[in-house]
file work29.cif (mmCIF, C-alpha atoms)
data_entry
loop_
_atom_site.label_atom_id
_atom_site.label_comp_id
_atom_site.auth_asym_id
_atom_site.auth_seq_id
_atom_site.Cartn_x
_atom_site.Cartn_y
_atom_site.Cartn_z
CA MET A 1 -37.91 15.33 -8.20
CA SER A 2 -40.73 14.57 -5.77
CA ASP A 3 -38.42 12.16 -3.94
CA VAL A 4 -35.90 14.97 -3.50
CA PHE A 5 -38.49 17.25 -1.92
CA THR A 6 -39.78 14.39 0.23
CA ASN A 7 -36.29 13.70 1.57
CA LEU A 8 -35.71 17.43 2.10
CA ASN A 9 -38.95 17.81 4.06
CA TRP A 10 -38.05 14.77 6.17
CA SER A 11 -34.59 16.21 6.89
CA ILE A 12 -36.07 19.56 7.91
CA SER A 13 -38.68 17.95 10.12
CA SER A 14 -36.00 15.85 11.85
CA VAL A 15 -34.11 18.96 12.99
CA PRO A 16 -35.09 19.68 16.61
CA SER A 17 -36.88 22.99 17.11
CA VAL A 18 -35.27 23.45 20.52
CA ARG A 19 -31.57 22.92 21.25
CA THR A 20 -30.75 22.27 24.87
CA PHE A 21 -27.45 23.20 26.45
CA GLY A 22 -25.70 23.23 29.80
CA LYS A 23 -23.16 25.59 31.28
CA VAL A 24 -19.65 25.29 32.66
CA LEU A 25 -19.70 25.48 36.46
CA GLY A 26 -15.98 25.28 37.12
CA ILE A 27 -12.63 23.87 36.06
CA HIS A 28 -10.35 21.78 38.26
CA GLY A 29 -7.06 20.69 36.73
CA LEU A 30 -7.89 18.97 33.45
CA SER A 31 -11.56 18.38 34.26
CA ILE A 32 -14.54 20.62 33.53
CA LYS A 33 -17.68 20.51 35.65
CA ALA A 34 -20.88 21.31 33.75
CA GLY A 35 -24.51 21.58 34.87
CA GLY A 36 -27.72 21.26 32.91
CA LEU A 37 -26.75 18.09 31.02
CA GLU A 38 -29.45 15.85 32.47
CA ASP A 39 -29.53 13.52 29.45
CA ALA A 40 -25.75 13.03 29.27
CA ALA A 41 -24.23 9.63 29.92
CA LEU A 42 -20.71 8.36 30.46
CA GLY A 43 -18.92 8.67 27.12
CA SER A 44 -21.32 11.27 25.71
CA ARG A 45 -19.80 13.82 23.34
CA CYS A 46 -20.32 17.53 23.92
CA LEU A 47 -19.33 20.84 22.36
CA ILE A 48 -18.11 23.70 24.53
CA ILE A 49 -18.28 27.28 23.21
CA ASP A 50 -15.42 29.21 24.80
CA ARG A 51 -15.07 32.95 25.45
CA HIS A 52 -13.79 33.51 21.90
CA GLU A 53 -16.69 31.59 20.28
CA ASN A 54 -14.39 28.69 19.46
CA GLN A 55 -15.90 25.20 19.48
CA VAL A 56 -14.07 22.78 21.77
CA PRO A 57 -15.13 19.09 21.59
CA ALA A 58 -15.29 17.26 24.91
CA GLU A 59 -16.38 13.96 26.44
CA VAL A 60 -18.22 13.10 29.65
CA VAL A 61 -15.80 11.08 31.80
CA GLY A 62 -17.74 11.06 35.09
CA PHE A 63 -20.36 12.68 37.30
CA ASP A 64 -20.21 14.62 40.54
CA GLY A 65 -23.75 14.65 41.90
CA ASP A 66 -25.93 16.20 39.18
CA ALA A 67 -22.98 17.83 37.44
CA ALA A 68 -21.18 16.15 34.56
CA VAL A 69 -17.38 15.94 34.60
CA LEU A 70 -15.93 16.58 31.13
CA MET A 71 -12.49 16.48 29.56
CA ALA A 72 -11.70 18.36 26.38
CA PHE A 73 -9.97 17.20 23.21
CA ALA A 74 -8.14 20.54 23.04
CA PRO A 75 -6.40 22.92 25.47
CA LEU A 76 -8.67 24.56 28.05
CA GLU A 77 -7.52 28.13 27.48
CA GLY A 78 -10.56 30.35 26.83
CA ILE A 79 -13.05 28.16 28.73
CA GLY A 80 -14.59 29.59 31.91
CA PRO A 81 -17.70 29.45 34.10
CA GLY A 82 -20.88 30.18 32.17
CA CYS A 83 -19.63 28.89 28.79
CA LYS A 84 -22.33 26.95 26.98
CA VAL A 85 -22.04 23.17 26.62
CA TYR A 86 -24.08 21.48 23.87
CA PRO A 87 -24.67 17.71 24.02
CA LEU A 88 -23.93 16.01 20.69
CA SER A 89 -24.34 12.23 20.99
CA HIS A 90 -24.39 9.41 23.49
CA HIS A 91 -22.04 7.18 21.47
CA ALA A 92 -18.54 7.96 20.24
CA THR A 93 -17.99 7.07 16.58
CA THR A 94 -15.38 7.60 13.89
CA LEU A 95 -15.44 7.64 10.08
CA VAL A 96 -13.50 4.96 8.20
CA GLY A 97 -13.20 3.89 4.59
CA PRO A 98 -10.83 2.68 1.85
CA HIS A 99 -9.73 6.24 1.09
CA LEU A 100 -7.85 6.31 4.42
CA LEU A 101 -5.10 4.19 2.86
CA GLY A 102 -1.92 6.22 2.43
CA ARG A 103 -3.18 8.96 4.77
CA VAL A 104 -2.05 10.34 8.12
CA VAL A 105 -4.88 11.41 10.46
CA ASP A 106 -5.30 12.53 14.06
CA GLY A 107 -7.36 10.80 16.73
CA LEU A 108 -10.55 12.48 15.49
CA GLY A 109 -9.97 11.37 11.90
CA ASN A 110 -8.85 14.79 10.60
CA PRO A 111 -6.07 14.65 7.97
CA LEU A 112 -2.60 15.72 9.12
CA ASP A 113 -0.83 15.34 5.78
CA ASN A 114 -1.02 17.50 2.67
CA GLY A 115 -3.45 15.21 0.87
CA GLY A 116 -6.50 17.42 1.27
CA PRO A 117 -9.88 16.28 2.62
CA ILE A 118 -10.47 12.54 2.85
CA GLN A 119 -12.75 11.41 0.05
CA GLU A 120 -16.15 9.80 0.50
CA PRO A 121 -17.66 7.33 1.05
CA LEU A 122 -16.84 6.83 4.70
CA ALA A 123 -18.62 4.50 7.10
CA GLU A 124 -19.47 5.52 10.67
CA VAL A 125 -18.34 2.89 13.18
CA PRO A 126 -18.30 2.86 17.00
CA LEU A 127 -15.01 3.67 18.69
CA LYS A 128 -15.47 1.12 21.46
CA ALA A 129 -16.93 -1.88 19.66
CA PRO A 130 -16.91 -5.19 21.53
CA PRO A 131 -14.62 -7.95 20.23
CA PRO A 132 -16.20 -10.80 18.25
CA GLU A 133 -17.83 -13.48 20.37
CA ALA A 134 -15.30 -16.09 21.44
CA SER A 135 -17.50 -18.90 20.14
CA THR A 136 -17.72 -17.40 16.63
CA ARG A 137 -14.09 -16.39 16.20
CA ALA A 138 -11.93 -18.27 13.74
CA ALA A 139 -8.69 -19.92 14.83
CA VAL A 140 -5.32 -18.22 14.44
CA GLY A 141 -4.07 -18.75 10.89
CA ALA A 142 -0.78 -19.49 9.16
CA LYS A 143 2.44 -17.54 9.69
CA LEU A 144 2.55 -13.92 8.55
CA ASP A 145 5.76 -12.81 6.88
CA VAL A 146 6.93 -9.51 8.40
CA GLY A 147 10.29 -9.37 6.61
CA VAL A 148 12.36 -9.42 9.82
CA ARG A 149 14.62 -12.48 9.96
CA THR A 150 14.78 -12.89 13.75
CA VAL A 151 11.02 -12.51 14.14
CA ASN A 152 10.16 -14.83 11.25
CA THR A 153 12.36 -17.63 12.58
CA PHE A 154 12.48 -17.40 16.39
CA VAL A 155 9.28 -15.53 17.38
CA PRO A 156 6.93 -15.94 14.40
CA LEU A 157 3.70 -14.02 14.03
CA CYS A 158 0.59 -15.83 12.83
CA LEU A 159 -2.53 -14.33 11.26
CA GLY A 160 -4.70 -13.09 14.12
CA GLN A 161 -1.99 -13.28 16.77
CA ARG A 162 -1.28 -10.47 19.26
CA MET A 163 2.34 -9.81 20.11
CA GLY A 164 3.93 -7.39 22.56
CA ILE A 165 7.28 -5.65 22.07
CA PHE A 166 8.76 -4.75 25.46
CA SER A 167 11.69 -2.35 25.64
CA GLY A 168 13.11 0.77 27.20
CA SER A 169 13.37 4.02 25.26
CA GLY A 170 15.82 4.41 22.40
CA VAL A 171 16.57 0.76 21.60
CA GLY A 172 15.06 0.65 18.11
CA LYS A 173 11.42 -0.38 18.47
CA SER A 174 10.20 2.30 16.02
CA VAL A 175 12.67 1.08 13.38
CA LEU A 176 11.53 -2.51 13.97
CA LEU A 177 7.88 -1.51 13.51
CA ALA A 178 8.74 0.38 10.31
CA MET A 179 10.53 -2.70 8.94
CA MET A 180 7.44 -4.80 9.62
CA ALA A 181 5.21 -2.24 7.90
CA LYS A 182 7.43 -2.03 4.80
CA PHE A 183 8.08 -5.73 4.29
CA THR A 184 4.96 -7.51 5.56
CA THR A 185 2.73 -9.52 3.25
CA ALA A 186 -0.42 -8.30 5.08
CA ASP A 187 -3.09 -6.63 2.94
CA VAL A 188 -3.39 -3.46 5.07
CA ILE A 189 -1.25 -1.89 7.80
CA VAL A 190 -2.82 0.34 10.46
CA ILE A 191 -0.30 2.23 12.60
CA GLY A 192 -1.15 4.09 15.80
CA LEU A 193 1.50 6.49 17.11
CA ILE A 194 0.17 7.23 20.59
CA GLY A 195 1.94 9.87 22.67
CA GLU A 196 4.94 10.04 20.33
CA ARG A 197 7.37 12.96 20.21
CA GLY A 198 6.31 15.41 17.51
CA ARG A 199 9.77 15.44 15.95
CA GLU A 200 9.85 11.66 15.60
CA VAL A 201 6.47 11.38 13.86
CA ARG A 202 7.73 13.03 10.68
CA GLU A 203 10.94 10.99 10.79
CA PHE A 204 9.00 7.75 11.20
CA ILE A 205 6.67 8.45 8.28
CA ASP A 206 9.17 9.94 5.81
CA GLU A 207 12.43 8.13 6.59
CA GLN A 208 11.61 4.86 8.34
CA LEU A 209 8.21 3.95 6.87
CA GLY A 210 8.78 5.65 3.51
CA PRO A 211 6.42 5.88 0.50
CA GLU A 212 6.50 2.11 0.03
CA GLY A 213 5.20 1.42 3.53
CA LEU A 214 2.77 4.34 3.60
CA GLN A 215 1.07 3.28 0.37
CA LYS A 216 -0.97 0.53 2.03
CA SER A 217 -1.01 2.02 5.53
CA VAL A 218 -3.25 4.21 7.65
CA VAL A 219 -1.32 6.21 10.26
CA VAL A 220 -3.15 7.63 13.29
CA VAL A 221 -1.13 10.17 15.29
CA ALA A 222 -1.54 11.78 18.71
CA THR A 223 1.65 13.43 19.97
CA GLY A 224 2.64 13.53 23.62
CA ASP A 225 1.82 17.22 24.03
CA GLN A 226 -1.85 16.72 23.15
CA PRO A 227 -4.59 16.25 25.79
CA ALA A 228 -4.95 12.83 27.39
CA LEU A 229 -8.43 12.38 25.92
CA LEU A 230 -7.09 12.81 22.38
CA ARG A 231 -4.26 10.35 23.01
CA ARG A 232 -6.72 7.74 24.25
CA GLN A 233 -9.04 8.52 21.34
CA ALA A 234 -6.21 7.88 18.86
CA ALA A 235 -5.79 4.34 20.21
CA TYR A 236 -9.50 3.64 19.80
CA THR A 237 -9.50 5.16 16.31
CA THR A 238 -6.55 2.95 15.36
CA MET A 239 -8.38 -0.17 16.52
CA ALA A 240 -11.69 0.85 14.89
CA THR A 241 -9.91 1.44 11.57
CA ALA A 242 -8.26 -1.99 11.75
CA GLU A 243 -11.63 -3.59 12.53
CA TYR A 244 -13.18 -1.94 9.47
CA PHE A 245 -10.61 -3.46 7.11
CA ARG A 246 -10.81 -6.82 8.90
CA ASN A 247 -14.57 -6.85 8.38
CA GLN A 248 -13.91 -6.27 4.67
CA GLY A 249 -12.07 -9.61 4.59
CA LYS A 250 -8.53 -8.14 4.73
CA ASN A 251 -5.59 -9.47 6.71
CA VAL A 252 -4.56 -6.42 8.73
CA LEU A 253 -1.27 -5.80 10.52
CA LEU A 254 -1.93 -3.43 13.43
CA LEU A 255 1.11 -1.67 14.93
CA MET A 256 0.48 0.43 18.05
CA ASP A 257 3.27 2.44 19.68
CA SER A 258 2.74 2.52 22.56
CA VAL A 259 0.24 0.85 24.87
CA THR A 260 2.08 2.39 27.84
CA ARG A 261 1.22 5.91 26.70
CA PHE A 262 -2.40 4.83 26.20
CA ALA A 263 -2.37 3.61 29.81
CA MET A 264 -0.85 6.90 30.97
CA ALA A 265 -3.58 8.83 29.15
CA GLN A 266 -6.26 6.67 30.78
CA ARG A 267 -4.60 7.26 34.15
CA GLU A 268 -4.86 11.05 33.66
CA ILE A 269 -8.51 10.71 32.69
CA GLY A 270 -9.29 8.44 35.63
CA LEU A 271 -7.60 10.72 38.16
CA SER A 272 -9.48 13.74 36.76
CA ALA A 273 -12.76 11.82 37.07
CA GLY A 274 -12.04 11.09 40.75
CA GLU A 275 -10.73 7.52 40.60
CA PRO A 276 -8.35 6.50 43.38
CA PRO A 277 -4.75 5.77 42.34
CA THR A 278 -3.54 2.22 42.90
CA THR A 279 -0.32 0.50 41.75
CA ARG A 280 2.27 3.16 40.81
CA GLY A 281 -0.51 5.71 40.48
CA TYR A 282 -2.47 3.82 37.82
CA THR A 283 -6.23 3.88 38.34
CA PRO A 284 -8.45 0.76 38.22
CA SER A 285 -9.92 1.82 34.86
CA VAL A 286 -6.48 1.41 33.24
CA PHE A 287 -6.48 -2.34 33.91
CA SER A 288 -10.08 -2.72 32.75
CA GLU A 289 -9.54 -0.71 29.54
CA LEU A 290 -6.37 -2.57 28.48
CA PRO A 291 -8.10 -5.92 27.81
CA ARG A 292 -11.09 -4.16 26.26
CA LEU A 293 -8.76 -2.55 23.74
CA LEU A 294 -6.32 -5.39 23.11
CA GLU A 295 -8.93 -8.16 22.90
CA ARG A 296 -10.51 -6.45 19.89
CA ALA A 297 -7.49 -7.49 17.82
CA GLY A 298 -7.24 -11.05 16.54
CA PRO A 299 -9.11 -13.21 14.06
CA GLY A 300 -12.63 -12.31 13.04
CA THR A 301 -15.38 -14.74 12.15
CA ALA A 302 -15.01 -17.29 9.36
CA GLN A 303 -16.27 -14.74 6.81
CA GLN A 304 -13.96 -11.95 7.98
CA GLY A 305 -10.24 -11.30 7.83
CA THR A 306 -7.77 -11.01 10.71
CA ILE A 307 -6.03 -8.36 12.80
CA THR A 308 -2.47 -9.40 13.59
CA ALA A 309 -1.44 -6.90 16.25
CA VAL A 310 1.93 -5.77 17.58
CA PHE A 311 1.72 -3.56 20.69
CA THR A 312 4.82 -1.88 22.08
CA VAL A 313 5.23 -1.48 25.83
CA LEU A 314 7.67 1.12 27.14
CA VAL A 315 9.09 -0.42 30.30
CA GLU A 316 10.38 2.04 32.88
CA GLY A 317 14.00 1.46 33.83
CA GLY A 318 14.00 -1.94 32.13
CA ASP A 319 11.52 -3.31 34.71
CA MET A 320 9.63 -6.02 32.80
CA ASP A 321 7.35 -6.57 35.82
CA GLU A 322 6.00 -3.02 36.09
CA PRO A 323 2.15 -2.89 36.15
CA VAL A 324 1.38 -2.12 32.49
CA ALA A 325 3.97 -4.57 31.15
CA ASP A 326 2.69 -7.28 33.47
CA ALA A 327 -0.94 -6.67 32.45
CA VAL A 328 -0.19 -6.63 28.72
CA ARG A 329 1.97 -9.76 28.89
CA GLY A 330 -1.01 -11.62 30.35
CA ILE A 331 -3.24 -10.59 27.42
CA VAL A 332 -1.06 -10.97 24.32
CA ASP A 333 0.04 -14.21 22.63
CA GLY A 334 3.77 -13.72 22.97
CA HIS A 335 6.42 -11.12 23.64
CA ILE A 336 9.53 -9.75 21.94
CA ILE A 337 12.13 -8.30 24.30
CA LEU A 338 14.48 -5.57 23.07
CA THR A 339 17.50 -5.00 25.33
CA ARG A 340 19.70 -1.96 25.72
CA ALA A 341 22.83 -4.12 26.04
CA LEU A 342 22.40 -5.37 22.46
CA ALA A 343 21.58 -1.89 21.16
CA GLU A 344 24.70 -0.45 22.79
CA ARG A 345 26.79 -3.00 20.89
CA GLY A 346 25.24 -1.89 17.61
CA HIS A 347 23.22 -5.11 17.33
CA PHE A 348 19.96 -4.25 15.52
CA PRO A 349 17.25 -5.28 15.78
CA ALA A 350 18.14 -5.58 19.47
CA ILE A 351 15.96 -8.66 20.03
CA ASP A 352 16.92 -10.89 22.95
CA VAL A 353 15.98 -14.22 21.37
CA LEU A 354 16.24 -16.26 24.58
CA LYS A 355 13.81 -13.98 26.44
CA SER A 356 11.36 -13.66 23.52
CA VAL A 357 8.50 -16.14 23.08
CA SER A 358 5.73 -16.74 20.56
CA ARG A 359 2.87 -18.81 21.95
CA MET A 360 2.11 -20.12 18.46
CA VAL A 361 5.36 -22.14 18.51
CA PRO A 362 5.84 -25.05 17.94
CA GLN A 363 2.45 -25.63 16.27
CA CYS A 364 3.00 -23.06 13.51
CA ASN A 365 6.37 -24.53 12.42
CA SER A 366 7.18 -27.65 10.48
CA GLU A 367 9.16 -30.40 12.22
CA GLN A 368 12.34 -29.39 10.40
CA GLU A 369 11.87 -25.71 11.32
CA ASN A 370 11.40 -26.63 14.99
CA VAL A 371 14.62 -28.67 14.94
CA LEU A 372 16.56 -25.71 13.50
CA VAL A 373 15.11 -23.21 15.99
CA ASN A 374 15.62 -25.47 19.02
CA THR A 375 19.19 -26.29 18.02
CA ALA A 376 20.06 -22.61 17.59
CA ARG A 377 18.41 -21.72 20.91
CA GLN A 378 20.38 -24.44 22.70
CA HIS A 379 23.67 -23.09 21.34
CA MET A 380 22.74 -19.52 22.33
CA ALA A 381 21.62 -20.61 25.82
CA THR A 382 24.86 -22.55 26.40
CA PHE A 383 26.96 -19.58 25.27
CA ASN A 384 24.91 -17.21 27.45
CA ASP A 385 25.48 -19.40 30.52
CA MET A 386 29.25 -19.41 29.97
CA ALA A 387 29.60 -15.86 28.59
CA GLU A 388 31.32 -14.38 31.63
CA LEU A 389 33.91 -17.17 31.85
CA ILE A 390 34.58 -16.96 28.11
CA ARG A 391 35.10 -13.19 28.20
CA LEU A 392 37.41 -13.46 31.22
CA GLY A 393 39.46 -16.17 29.51
CA ALA A 394 38.68 -18.60 32.32
CA TYR A 395 37.27 -21.22 29.97
CA ALA A 396 39.77 -23.51 28.22
CA ARG A 397 38.67 -24.76 24.85
CA GLY A 398 38.27 -28.52 24.79
CA SER A 399 36.89 -28.69 28.33
CA ASP A 400 33.28 -29.16 27.17
CA PRO A 401 32.27 -30.05 23.59
CA SER A 402 28.86 -28.36 23.94
CA VAL A 403 30.46 -25.08 25.02
CA ASP A 404 33.00 -25.32 22.19
CA ALA A 405 30.15 -25.78 19.71
CA ALA A 406 28.23 -22.86 21.27
CA ILE A 407 31.26 -20.56 20.85
CA HIS A 408 31.62 -21.65 17.24
CA TYR A 409 27.97 -21.12 16.32
CA GLN A 410 27.70 -17.86 18.28
CA ASP A 411 30.09 -16.24 15.81
CA LEU A 412 27.90 -17.48 12.95
CA LEU A 413 24.50 -16.72 14.53
CA ASP A 414 25.38 -13.14 15.48
CA PRO A 415 25.45 -11.88 11.84
CA PHE A 416 22.29 -13.90 11.15
CA LEU A 417 20.43 -12.08 13.93
CA ARG A 418 21.49 -8.64 12.65
CA GLN A 419 19.53 -6.96 9.86
CA ALA A 420 19.75 -3.55 8.23
CA PRO A 421 16.52 -1.49 8.14
CA GLU A 422 16.43 -1.57 4.34
CA GLU A 423 16.95 -5.36 4.14
CA ASN A 424 13.95 -7.63 3.57
CA SER A 425 14.19 -11.28 4.65
CA THR A 426 11.30 -13.63 3.91
CA ILE A 427 10.37 -16.65 6.01
CA THR A 428 11.87 -18.98 3.41
CA ASP A 429 15.09 -16.94 3.24
CA GLY A 430 15.40 -16.88 7.03
CA PHE A 431 15.10 -20.62 7.57
CA GLY A 432 17.35 -21.28 4.58
CA GLN A 433 20.08 -19.09 6.07
CA LEU A 434 19.62 -20.61 9.53
CA ASP A 435 19.95 -24.10 8.04
CA ALA A 436 23.16 -23.05 6.27
CA VAL A 437 24.60 -21.64 9.52
CA LEU A 438 23.88 -24.78 11.55
CA ALA A 439 25.11 -27.04 8.74
CA GLN A 440 28.67 -25.78 9.24
CA PRO A 441 30.41 -28.36 11.46
CA ALA A 442 31.97 -27.25 14.71
CA PRO A 443 35.77 -27.70 14.89
CA ALA A 444 37.12 -30.75 16.65
CA PRO A 445 37.96 -30.13 20.33
CA HIS A 446 41.55 -29.18 21.09
CA THR A 447 43.73 -31.91 22.61
CA THR A 448 45.56 -30.72 25.71
CA ILE A 449 48.98 -31.96 26.99
CA ALA A 450 47.27 -33.50 30.01
CA ASP A 451 45.04 -35.54 27.71
CA GLU A 452 48.04 -36.83 25.75
CA GLY A 453 49.72 -37.92 28.97
#

call {"tool": "encode", "arguments": {"input": "work29.cif", "output": "structure tokens"}}
result
Amino acid sequence: MSDVFTNLNWSISSVPSVRTFGKVLGIHGLSIKAGGLEDAALGSRCLIIDRHENQVPAEVVGFDGDAAVLMAFAPLEGIGPGCKVYPLSHHATTLVGPHLLGRVVDGLGNPLDNGGPIQEPLAEVPLKAPPPEASTRAAVGAKLDVGVRTVNTFVPLCLGQRMGIFSGSGVGKSVLLAMMAKFTTADVIVIGLIGERGREVREFIDEQLGPEGLQKSVVVVATGDQPALLRRQAAYTTMATAEYFRNQGKNVLLLMDSVTRFAMAQREIGLSAGEPPTTRGYTPSVFSELPRLLERAGPGTAQQGTITAVFTVLVEGGDMDEPVADAVRGIVDGHIILTRALAERGHFPAIDVLKSVSRMVPQCNSEQENVLVNTARQHMATFNDMAELIRLGAYARGSDPSVDAAIHYQDLLDPFLRQAPEENSTITDGFGQLDAVLAQPAPAPHTTIADEG
């Protein structure tokens, strides 16, 4: 009992007798200028009390002379000059724990499902932790089965690898991510839906992910209508949650959709803080924050688990060289390209195999697997080179044996590359089916009248 009173007295004595606060000086666009926050630093958290006595959390994103520039995690309605601003902490943190599994939360860690409050215990971790030291990180591990036949065979993911999915809108990247979440052999899945449409969030969780996928997943959501600061926060919360489970020795599959919307949120924040716009309006902080976020994924130390990460990039107008896509492609360890032409033909997943690359190949495959993959790629490349002539009827069968073989195997490979969302295909199944396809002999070349003469 004495220990209880001792702890209580210590807690009471630790409460400051004086609480300092600043005041809102003005609002310009999405930014709030506040004075009287002499101890604030970049990234400090604050609490604004609006005209209706509502508490609005905010973050310091810059300084203008002695005034702090803040952005809020909620709409600015109700905030005006003279509103009090209370400093909270100098470091942004979030609460994580095993009870997050099966839950849907927002960027601040508040539950969005009907599961009630998240149970204790929860650990407090920094939102912007540095990645493990390069010299202490383990090497990328063995292949991770994600249940998608085309990915498992042609662009395999290894434990601790970072992969980018590049596509335009509406070509099936959300369905592909849901398939990975449902069928993967990873211990934990952490999904970040950054800037998604509100209507699609419910569809993704209930219909595409389903109870089976949600059971061992943590879903962090920030819809596109929410403030830029909350969208950026959701990306950091997603990564911090994945790091927690990795540090527990788990092999984590991190799915983030999309990095482009994270970059757009950072652009809004940078412009509000006074940064100059550069390429296509993106501010310099966008290209410094991208590697700081993406480099945190990957293998941990020898005693830790891994974060195998898949980041989607929404390319504008199919331009694979736009600034965000170009920056992300230079950071990740491979890329999967989804094309609208395949999607329009009803070919799902709409993965362009010839344009997709995993940097872990060929080391992660056996010699036999590499032979199968290279042979299939050669047939697809030959068919792709001659596709226009074949469709126009300008190619005569028997003119080139390699083209004849490519036409034959194209008809067999096309069904192999298609997969229904509810179908699970393991790595062993995929290579077994690919072996069976390539084992079928191509027909003998046709003999023309000219040849007989």

call {"tool": "resolve_selection", "arguments": {"input": "work29.cif", "expression": "the PyMOL selection byres ((chain A and resi 183) around 6)", "output": "list in words"}}
result
Val146, Gly147, Met180, Ala181, Lys182 and Thr184 of chain A

call {"tool": "atom_distance", "arguments": {"input": "work29.cif", "atom1": "CA of Thr426 in chain A", "atom2": "CA of Ser167 in chain A"}}
result
24.5 Å

call {"tool": "resolve_selection", "arguments": {"input": "work29.cif", "expression": "the PyMOL selection byres ((chain A and resi 261) around 10)", "output": "list in words"}}
result
Leu193, Ile194, Gly195, Glu196, Gly224, Ala228, Arg231, Arg232, Ala235, Asp257, Ser258, Val259, Thr260, Phe262, Ala263, Met264, Ala265, Gln266, Arg267, Thr312, Val313, Leu314 and Val324 of chain A

call {"tool": "resolve_selection", "arguments": {"input": "work29.cif", "expression": "the PyMOL selection byres ((chain A and resi 360) around 10)", "output": "number ranges by chain"}}
result
A: 140-143, 155-158, 161, 333-334, 357-359, 361-365

call {"tool": "residues_around", "arguments": {"input": "work29.cif", "residues": "range 241-245 of chain A", "least_positions_apart": "5", "cutoff": "7 Å", "atoms": "only C-alpha atoms", "output": "MDAnalysis selection string"}}
result
chainID A and resid 96 190 250 252 254 307

call {"tool": "build_atoms", "arguments": {"input": "work29.cif", "residues": "range 214-228 of chain A", "atoms": "N, CA and C atoms", "output": "PDB file, in the coordinates of the input"}}
result
ATOM      1  N   LEU A 214       3.949   3.505   3.410  1.00  0.00           N
ATOM      2  CA  LEU A 214       2.770   4.340   3.600  1.00  0.00           C
ATOM      3  C   LEU A 214       1.667   4.020   2.598  1.00  0.00           C
ATOM      4  N   GLN A 215       2.029   3.499   1.447  1.00  0.00           N
ATOM      5  CA  GLN A 215       1.070   3.280   0.370  1.00  0.00           C
ATOM      6  C   GLN A 215      -0.118   2.420   0.796  1.00  0.00           C
ATOM      7  N   LYS A 216       0.138   1.384   1.600  1.00  0.00           N
ATOM      8  CA  LYS A 216      -0.970   0.530   2.030  1.00  0.00           C
ATOM      9  C   LYS A 216      -1.204   0.625   3.534  1.00  0.00           C
ATOM     10  N   SER A 217      -0.883   1.807   4.081  1.00  0.00           N
ATOM     11  CA  SER A 217      -1.010   2.020   5.530  1.00  0.00           C
ATOM     12  C   SER A 217      -1.984   3.144   5.836  1.00  0.00           C
ATOM     13  N   VAL A 218      -2.525   3.096   7.042  1.00  0.00           N
ATOM     14  CA  VAL A 218      -3.250   4.210   7.650  1.00  0.00           C
ATOM     15  C   VAL A 218      -2.498   4.547   8.930  1.00  0.00           C
ATOM     16  N   VAL A 219      -2.087   5.797   9.087  1.00  0.00           N
ATOM     17  CA  VAL A 219      -1.320   6.210  10.260  1.00  0.00           C
ATOM     18  C   VAL A 219      -2.171   7.157  11.095  1.00  0.00           C
ATOM     19  N   VAL A 220      -2.388   6.799  12.358  1.00  0.00           N
ATOM     20  CA  VAL A 220      -3.150   7.630  13.290  1.00  0.00           C
ATOM     21  C   VAL A 220      -2.155   8.191  14.310  1.00  0.00           C
ATOM     22  N   VAL A 221      -2.163   9.515  14.478  1.00  0.00           N
ATOM     23  CA  VAL A 221      -1.130  10.170  15.290  1.00  0.00           C
ATOM     24  C   VAL A 221      -1.767  11.012  16.398  1.00  0.00           C
ATOM     25  N   ALA A 222      -1.233  10.877  17.605  1.00  0.00           N
ATOM     26  CA  ALA A 222      -1.540  11.780  18.710  1.00  0.00           C
ATOM     27  C   ALA A 222      -0.232  11.990  19.468  1.00  0.00           C
ATOM     28  N   THR A 223       0.345  13.165  19.354  1.00  0.00           N
ATOM     29  CA  THR A 223       1.650  13.430  19.970  1.00  0.00           C
ATOM     30  C   THR A 223       1.513  13.607  21.486  1.00  0.00           C
ATOM     31  N   GLY A 224       2.638  13.509  22.168  1.00  0.00           N
ATOM     32  CA  GLY A 224       2.640  13.530  23.620  1.00  0.00           C
ATOM     33  C   GLY A 224       2.189  14.835  24.240  1.00  0.00           C
ATOM     34  N   ASP A 225       2.220  15.939  23.481  1.00  0.00           N
ATOM     35  CA  ASP A 225       1.820  17.220  24.030  1.00  0.00           C
ATOM     36  C   ASP A 225       0.311  17.442  23.963  1.00  0.00           C
ATOM     37  N   GLN A 226      -0.413  16.543  23.301  1.00  0.00           N
ATOM     38  CA  GLN A 226      -1.850  16.720  23.150  1.00  0.00           C
ATOM     39  C   GLN A 226      -2.595  16.203  24.378  1.00  0.00           C
ATOM     40  N   PRO A 227      -3.846  16.652  24.592  1.00  0.00           N
ATOM     41  CA  PRO A 227      -4.590  16.250  25.790  1.00  0.00           C
ATOM     42  C   PRO A 227      -4.737  14.733  25.897  1.00  0.00           C
ATOM     43  N   ALA A 228      -4.864  14.271  27.133  1.00  0.00           N
ATOM     44  CA  ALA A 228      -4.950  12.830  27.390  1.00  0.00           C
ATOM     45  C   ALA A 228      -6.134  12.207  26.659  1.00  0.00           C
TER      46      ALA A 228
END
